[in-house]
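**Q** Contents of data-v3.cif (mmCIF, C-alpha atoms) are given next:
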data_query
loop_
_atom_site.label_atom_id
_atom_site.label_comp_id
_atom_site.auth_asym_id
_atom_site.auth_seq_id
_atom_site.Cartn_x
_atom_site.Cartn_y
_atom_site.Cartn_z
CA MET Q 4 17.30 -10.95 21.48
CA VAL Q 5 14.32 -9.23 19.86
CA ALA Q 6 11.52 -8.27 22.24
CA ALA Q 7 8.07 -9.65 21.49
CA SER Q 8 6.76 -6.15 20.83
CA GLU Q 9 9.53 -5.64 18.23
CA SER Q 10 9.15 -8.91 16.32
CA ILE Q 11 8.13 -8.66 12.67
CA VAL Q 12 4.37 -8.61 12.13
CA PRO Q 13 2.61 -8.88 8.76
CA VAL Q 14 1.19 -5.84 6.99
CA LEU Q 15 -1.03 -6.85 4.06
CA THR Q 16 -3.87 -5.06 2.30
CA GLU Q 17 -7.16 -6.93 2.10
CA SER Q 18 -6.92 -7.03 -1.69
CA ALA Q 19 -3.47 -8.68 -1.53
CA TRP Q 20 -4.75 -11.07 1.15
CA TRP Q 21 -7.82 -12.25 -0.75
CA GLN Q 22 -6.28 -12.30 -4.22
CA SER Q 23 -3.33 -14.35 -2.95
CA ARG Q 24 -5.70 -16.75 -1.21
CA ASP Q 25 -7.83 -17.11 -4.35
CA GLN Q 26 -4.73 -18.06 -6.32
CA PHE Q 27 -3.64 -20.53 -3.62
CA LYS Q 28 -7.11 -22.11 -3.80
CA ARG Q 29 -6.76 -22.62 -7.55
CA SER Q 30 -3.33 -24.17 -7.25
CA LEU Q 31 -0.93 -24.27 -4.31
CA PRO Q 32 2.35 -22.90 -5.70
CA THR Q 33 5.59 -24.81 -5.42
CA SER Q 34 7.40 -21.61 -4.51
CA VAL Q 35 6.13 -18.12 -3.74
CA THR Q 36 8.59 -15.79 -5.45
CA VAL Q 37 8.57 -12.08 -6.18
CA ILE Q 38 7.79 -12.80 -9.84
CA TYR Q 39 4.92 -15.12 -8.84
CA VAL Q 40 3.32 -12.46 -6.62
CA ALA Q 41 3.95 -9.69 -9.16
CA SER Q 42 2.14 -11.79 -11.78
CA VAL Q 43 -0.78 -12.80 -9.55
CA LEU Q 44 -1.38 -9.33 -8.07
CA LYS Q 45 -0.34 -7.43 -11.22
CA GLN Q 46 2.20 -5.46 -9.25
CA LYS Q 47 5.64 -4.10 -9.83
CA GLU Q 48 8.41 -6.27 -8.38
CA GLU Q 49 9.21 -3.71 -5.68
CA SER Q 50 5.66 -3.93 -4.33
CA ALA Q 51 5.52 -7.71 -4.79
CA ARG Q 52 8.73 -8.09 -2.77
CA GLN Q 53 7.00 -6.45 0.21
CA VAL Q 54 4.02 -8.79 -0.16
CA VAL Q 55 6.32 -11.84 -0.15
CA ARG Q 56 8.06 -10.51 2.96
CA ASN Q 57 4.73 -10.11 4.75
CA LEU Q 58 3.38 -13.50 3.66
CA LYS Q 59 6.47 -14.94 5.34
CA ALA Q 60 5.84 -12.80 8.44
CA ALA Q 61 2.29 -14.18 8.61
CA GLY Q 62 3.58 -17.74 8.57
CA LEU Q 63 2.12 -18.55 5.16
CA VAL Q 64 5.44 -18.95 3.38
CA GLU Q 65 8.77 -20.44 4.49
CA GLU Q 66 12.00 -18.50 4.11
CA ASP Q 67 12.81 -20.50 0.97
CA GLY Q 68 9.44 -19.56 -0.56
CA THR Q 69 7.68 -22.87 0.08
CA PRO Q 70 4.04 -22.54 1.25
CA THR Q 71 3.56 -23.74 4.82
CA GLU Q 72 0.93 -26.11 6.20
CA ILE Q 73 -0.82 -23.00 7.49
CA ALA Q 74 -1.08 -21.79 3.89
CA ASN Q 75 -2.63 -25.11 2.87
CA ASP Q 76 -5.25 -24.71 5.62
CA TRP Q 77 -5.69 -21.00 4.81
CA ARG Q 78 -6.92 -21.76 1.30
CA ASP Q 79 -9.46 -24.29 2.61
CA ASP Q 80 -12.76 -22.63 3.60
CA GLU Q 81 -13.39 -25.18 6.35
CA ARG Q 82 -9.93 -24.71 7.85
CA TYR Q 83 -9.66 -20.96 7.32
CA GLY Q 84 -10.42 -20.19 10.98
CA GLU Q 85 -7.76 -22.63 12.19
CA ALA Q 86 -5.22 -21.08 9.86
CA CYS Q 87 -6.00 -17.59 11.12
CA GLY Q 88 -5.64 -18.83 14.69
CA ALA Q 89 -2.18 -20.17 13.86
CA MET Q 90 -1.20 -16.87 12.21
CA LEU Q 91 -2.40 -14.92 15.22
CA ALA Q 92 0.36 -16.61 17.23
CA VAL Q 93 2.97 -14.41 15.51
CA TYR Q 94 1.65 -11.47 17.54
CA PRO Q 95 2.75 -10.80 21.13
CA GLN Q 96 0.60 -12.42 23.78
CA GLU Q 97 -0.05 -9.04 25.39
CA LEU Q 98 -1.79 -7.78 22.25
CA ARG Q 99 -3.80 -10.97 21.88
CA GLU Q 100 -4.99 -10.65 25.46
CA ILE Q 101 -6.07 -7.01 25.30
CA ALA Q 102 -7.60 -7.34 21.83
CA PRO Q 103 -8.86 -10.92 21.37
CA GLY Q 104 -10.74 -12.09 18.29
CA PRO Q 105 -13.08 -12.37 16.61
CA LYS Q 106 -13.97 -8.69 17.07
CA PRO Q 107 -11.00 -6.83 18.53
CA ASP Q 108 -11.30 -3.08 19.05
CA ARG Q 109 -9.52 -1.33 16.17
CA ASP Q 110 -8.51 1.70 18.25
CA VAL Q 111 -7.12 -0.49 21.02
CA VAL Q 112 -4.99 -2.41 18.53
CA LYS Q 113 -3.82 0.75 16.76
CA ASN Q 114 -2.87 2.44 20.02
CA TRP Q 115 -0.98 -0.66 21.15
CA PHE Q 116 1.13 -0.63 17.99
CA MET Q 117 1.81 3.08 18.36
CA ARG Q 118 3.05 2.62 21.92
CA ALA Q 119 4.80 -0.75 21.62
CA ARG Q 120 6.39 -0.14 18.21
CA LYS Q 121 6.81 3.63 18.55
CA VAL Q 122 5.39 4.11 15.05
CA GLY Q 123 3.22 6.82 13.57
CA SER Q 124 -0.54 6.73 13.17
CA GLY Q 125 -0.39 5.60 9.52
CA ALA Q 126 1.93 2.66 10.15
CA ALA Q 127 -0.06 1.64 13.23
CA THR Q 128 -3.29 1.74 11.24
CA ASN Q 129 -1.83 -0.61 8.61
CA MET Q 130 -0.58 -3.03 11.27
CA ALA Q 131 -3.92 -2.93 13.06
CA SER Q 132 -5.88 -3.58 9.84
CA THR Q 133 -3.94 -6.78 9.19
CA TYR Q 134 -4.34 -7.87 12.82
CA LEU Q 135 -8.12 -7.38 12.62
CA LEU Q 136 -8.25 -9.27 9.32
CA ILE Q 137 -6.50 -12.26 10.87
CA ALA Q 138 -8.20 -12.10 14.27
CA SER Q 139 -11.69 -11.95 12.77
CA ALA Q 140 -11.14 -15.18 10.79
CA ASP Q 141 -14.17 -14.11 8.79
CA LEU Q 142 -14.50 -15.32 5.20
CA GLY Q 143 -17.42 -12.91 4.79
CA ARG Q 144 -14.98 -10.00 4.66
CA GLN Q 145 -13.89 -11.05 1.17
CA LYS Q 146 -17.00 -9.75 -0.56
CA ASP Q 147 -16.30 -6.27 0.81
CA ALA Q 148 -12.57 -6.31 0.15
CA PRO Q 149 -11.27 -3.44 -2.01
CA ARG Q 150 -10.39 -4.38 -5.58
CA ARG Q 151 -8.71 -1.15 -6.57
CA ALA Q 152 -5.82 -2.89 -8.25
CA THR Q 153 -8.09 -4.92 -10.51
CA ALA Q 154 -10.32 -1.96 -11.30
CA SER Q 155 -7.35 0.18 -12.25
CA GLY Q 156 -6.00 -2.54 -14.50
CA THR Q 157 -9.16 -2.52 -16.62
CA SER Q 158 -9.13 1.21 -17.23
CA ALA Q 159 -9.01 2.46 -20.78
CA GLY Q 160 -5.53 3.89 -20.36
CA GLY Q 161 -3.92 0.47 -20.54
CA GLY Q 162 -0.95 1.70 -18.48
CA ASP Q 163 0.64 0.11 -15.45
CA PRO Q 164 -2.21 -0.21 -12.91
CA LYS Q 165 0.28 -0.12 -10.05
CA THR Q 166 1.94 3.22 -10.70
CA PRO Q 167 1.49 5.13 -7.42
CA ALA Q 168 -0.59 8.29 -7.62
CA ARG Q 169 -0.94 8.25 -11.38
CA LYS Q 170 -3.05 11.25 -12.34
CA GLY Q 171 -5.49 11.23 -15.25
CA VAL Q 172 -7.07 14.50 -16.33
CA LYS Q 173 -10.15 14.84 -18.49
CA GLN Q 174 -12.08 17.87 -19.53
CA THR Q 175 -15.78 18.22 -20.11
CA GLY Q 176 -17.31 21.28 -21.68
CA GLN Q 177 -20.32 23.23 -20.51
CA VAL Q 178 -21.88 26.33 -21.99
CA VAL Q 179 -22.45 29.43 -19.85
CA GLU Q 180 -24.05 32.73 -20.73
CA HIS Q 181 -21.92 35.88 -20.57
CA HIS Q 182 -23.39 39.18 -21.81
CA GLY Q 183 -25.71 37.32 -24.12
CA LEU Q 184 -22.95 35.19 -25.60
CA SER Q 185 -22.60 31.42 -25.20
CA LEU Q 186 -19.13 30.70 -23.89
CA PRO Q 187 -17.62 27.26 -23.21
CA GLN Q 188 -16.61 26.45 -19.65
CA ALA Q 189 -13.96 23.85 -18.99
CA GLN Q 190 -14.10 21.49 -16.03
CA ILE Q 191 -11.10 19.46 -14.98
CA ALA Q 192 -11.45 16.19 -13.07
CA VAL Q 193 -8.36 14.71 -11.44
CA GLN Q 194 -8.23 10.95 -10.87
CA ILE Q 195 -5.63 9.46 -8.56
CA ASN Q 196 -4.96 5.70 -8.52
CA ILE Q 197 -3.35 4.65 -5.25
CA ASP Q 198 -1.05 1.61 -5.04
CA PRO Q 199 -2.66 -0.75 -2.48
CA THR Q 200 0.75 -1.33 -0.89
CA MET Q 201 1.21 2.35 -0.01
CA THR Q 202 1.04 3.28 3.66
CA ALA Q 203 -1.44 5.78 5.06
CA ASP Q 204 1.40 8.28 5.57
CA GLN Q 205 2.42 7.98 1.92
CA ILE Q 206 -1.18 8.46 0.79
CA ASP Q 207 -1.44 11.58 2.98
CA LEU Q 208 1.67 12.97 1.31
CA VAL Q 209 0.18 12.36 -2.15
CA PHE Q 210 -2.98 14.33 -1.34
CA ALA Q 211 -1.01 17.04 0.45
CA SER Q 212 1.11 17.46 -2.66
CA MET Q 213 -1.99 17.57 -4.88
CA ALA Q 214 -3.60 20.20 -2.67
CA LYS Q 215 -0.42 22.28 -2.75
CA HIS Q 216 -0.27 22.26 -6.56
CA LEU Q 217 -3.98 22.72 -7.20
CA TYR Q 218 -4.81 25.36 -4.60
CA GLY Q 219 -1.39 26.92 -4.83
CA SER Q 220 -1.79 27.44 -8.58
CA ARG Q 221 -5.29 28.87 -8.13
CA GLY Q 222 -4.08 31.24 -5.48
CA ALA Q 223 -1.22 32.44 -7.68
CA GLY Q 224 -3.60 33.07 -10.59
CA SER Q 225 -5.96 35.18 -8.47
CA ALA Q 226 -3.17 37.28 -6.95
#
What would the structure in this file look like if it were written as structure tokens?
**A**
Amino acid sequence: MVAASESIVPVLTESAWWQSRDQFKRSLPTSVTVIYVASVLKQKEESARQVVRNLKAAGLVEEDGTPTEIANDWRDDERYGEACGAMLAVYPQELREIAPGPKPDRDVVKNWFMRARKVGSGAATNMASTYLLIASADLGRQKDAPRRATASGTSAGGGDPKTPARKGVKQTGQVVEHHGLSLPQAQIAVQINIDPTMTADQIDLVFASMAKHLYGSRGAGSA
């Protein structure tokens, strides 16, 4: 028997949450499949598979992919709060008691996940973010939700907007004076597009790797 503190809980980014809900509002799907989510969220199938798994964990989708009655209420602005209340029931009672909605303490929730689930800070932060999203039952959060996936998809590159840590480099020239001569100076800007399904730990690894290559190369050149 799985303990309450070990039961599956949903982990969804706000962008995946709101974009999925927007699509459900337009038309309630007959079946929520990996291909459906990949198309709606413009994700690779690997990422979409995780979203489907977490929509099921939240009680929005049945195991066979059929949207639940909670999902039907979730897409209705007037019933959104009721739907969130129903989804909150997937969490252990202990957590709901120490961090009740609509404004649970983020640190309290994060620390509970770290202790109860024995997970790292990054994983606990992701779990806590989804809990706060559901517990708040606040439609006003949508206007502040990150739209990184959509923004990346409209970039001039035209590549896959969901490629994790894709780096784009551009150079701009400036002129500097050196012994009376005008010399060009190159500046390099590094842009990193982060997949919204990546965990905080994975994002930390991306930036740690970037720092190693950038500062490591500079250090080697000055030696």
**Q** May I have the protein, DNA and RNA residues with an atom at most 12 Å from (5.9, -13.2, 5.5), counting all atoms listed in the file in the file's coordinates, returned as a PyMOL selection string?
**A** chain Q and resi 11-15+20+35-36+51-71+74+90+93
**Q** Quick one: pull the distance between atom CA of Q:Gly84 and atom CA of Q:Lys113, Å, one decimal.
**A**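 So the answer is 22.7 Å.
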**Q** Quick one: residues within 10 Å of Q:Asn75, all atoms listed in the file counted, chain neighbours fewer than 4 positions away excluded, as a PDB file with C-alpha atoms, in the frame of the given file?
**A**
ATOM      1  CA  ARG Q  24      -5.700 -16.750  -1.210  1.00  0.00           C
ATOM      2  CA  PHE Q  27      -3.640 -20.530  -3.620  1.00  0.00           C
ATOM      3  CA  LYS Q  28      -7.110 -22.110  -3.800  1.00  0.00           C
ATOM      4  CA  LEU Q  31      -0.930 -24.270  -4.310  1.00  0.00           C
ATOM      5  CA  LEU Q  63       2.120 -18.550   5.160  1.00  0.00           C
ATOM      6  CA  PRO Q  70       4.040 -22.540   1.250  1.00  0.00           C
ATOM      7  CA  THR Q  71       3.560 -23.740   4.820  1.00  0.00           C
ATOM      8  CA  ASP Q  79      -9.460 -24.290   2.610  1.00  0.00           C
ATOM      9  CA  ARG Q  82      -9.930 -24.710   7.850  1.00  0.00           C
ATOM     10  CA  TYR Q  83      -9.660 -20.960   7.320  1.00  0.00           C
ATOM     11  CA  ALA Q  86      -5.220 -21.080   9.860  1.00  0.00           C
TER      12      ALA Q  86
END
**Q** Can you give me, as a list in words, the residues this file yields under the PyMOL selection byres ((chain Q and resi 95) around 12)?
**A**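 Here the PyMOL selection byres ((chain Q and resi 95) around 12) matches Val5, Ala6, Ala7, Ser8, Glu9, Ser10, Ile11, Val12, Met90, Leu91, Ala92, Val93, Tyr94, Gln96, Glu97, Leu98, Arg99, Glu100, Ile101, Ala102, Pro103, Val112, Trp115, Phe116, Ala119, Arg120 and Tyr134 of chain Q.
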**Q** Determine, counting all atoms listed in the file, which protein, DNA and RNA residues have an atom within 10 Å of an atom of Q:Val43; residues of the same chain fewer than 3 positions away are not included. Present the result as a ChimeraX atom specification.
**A** /Q:19,22-23,25-26,37-40,46,51
**Q** What gap, in Å, lies between atom CA of Q:Pro105 and atom CA of Q:Ala131?
**A**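 That distance, rounded to one decimal, is 13.6 Å.
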**Q** In Å, how far is it from atom CA of Q:Arg109 to atom CA of Q:Ser212?
**A**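 About the pair atom CA of Q:Arg109 and atom CA of Q:Ser212: they are 28.6 Å apart.
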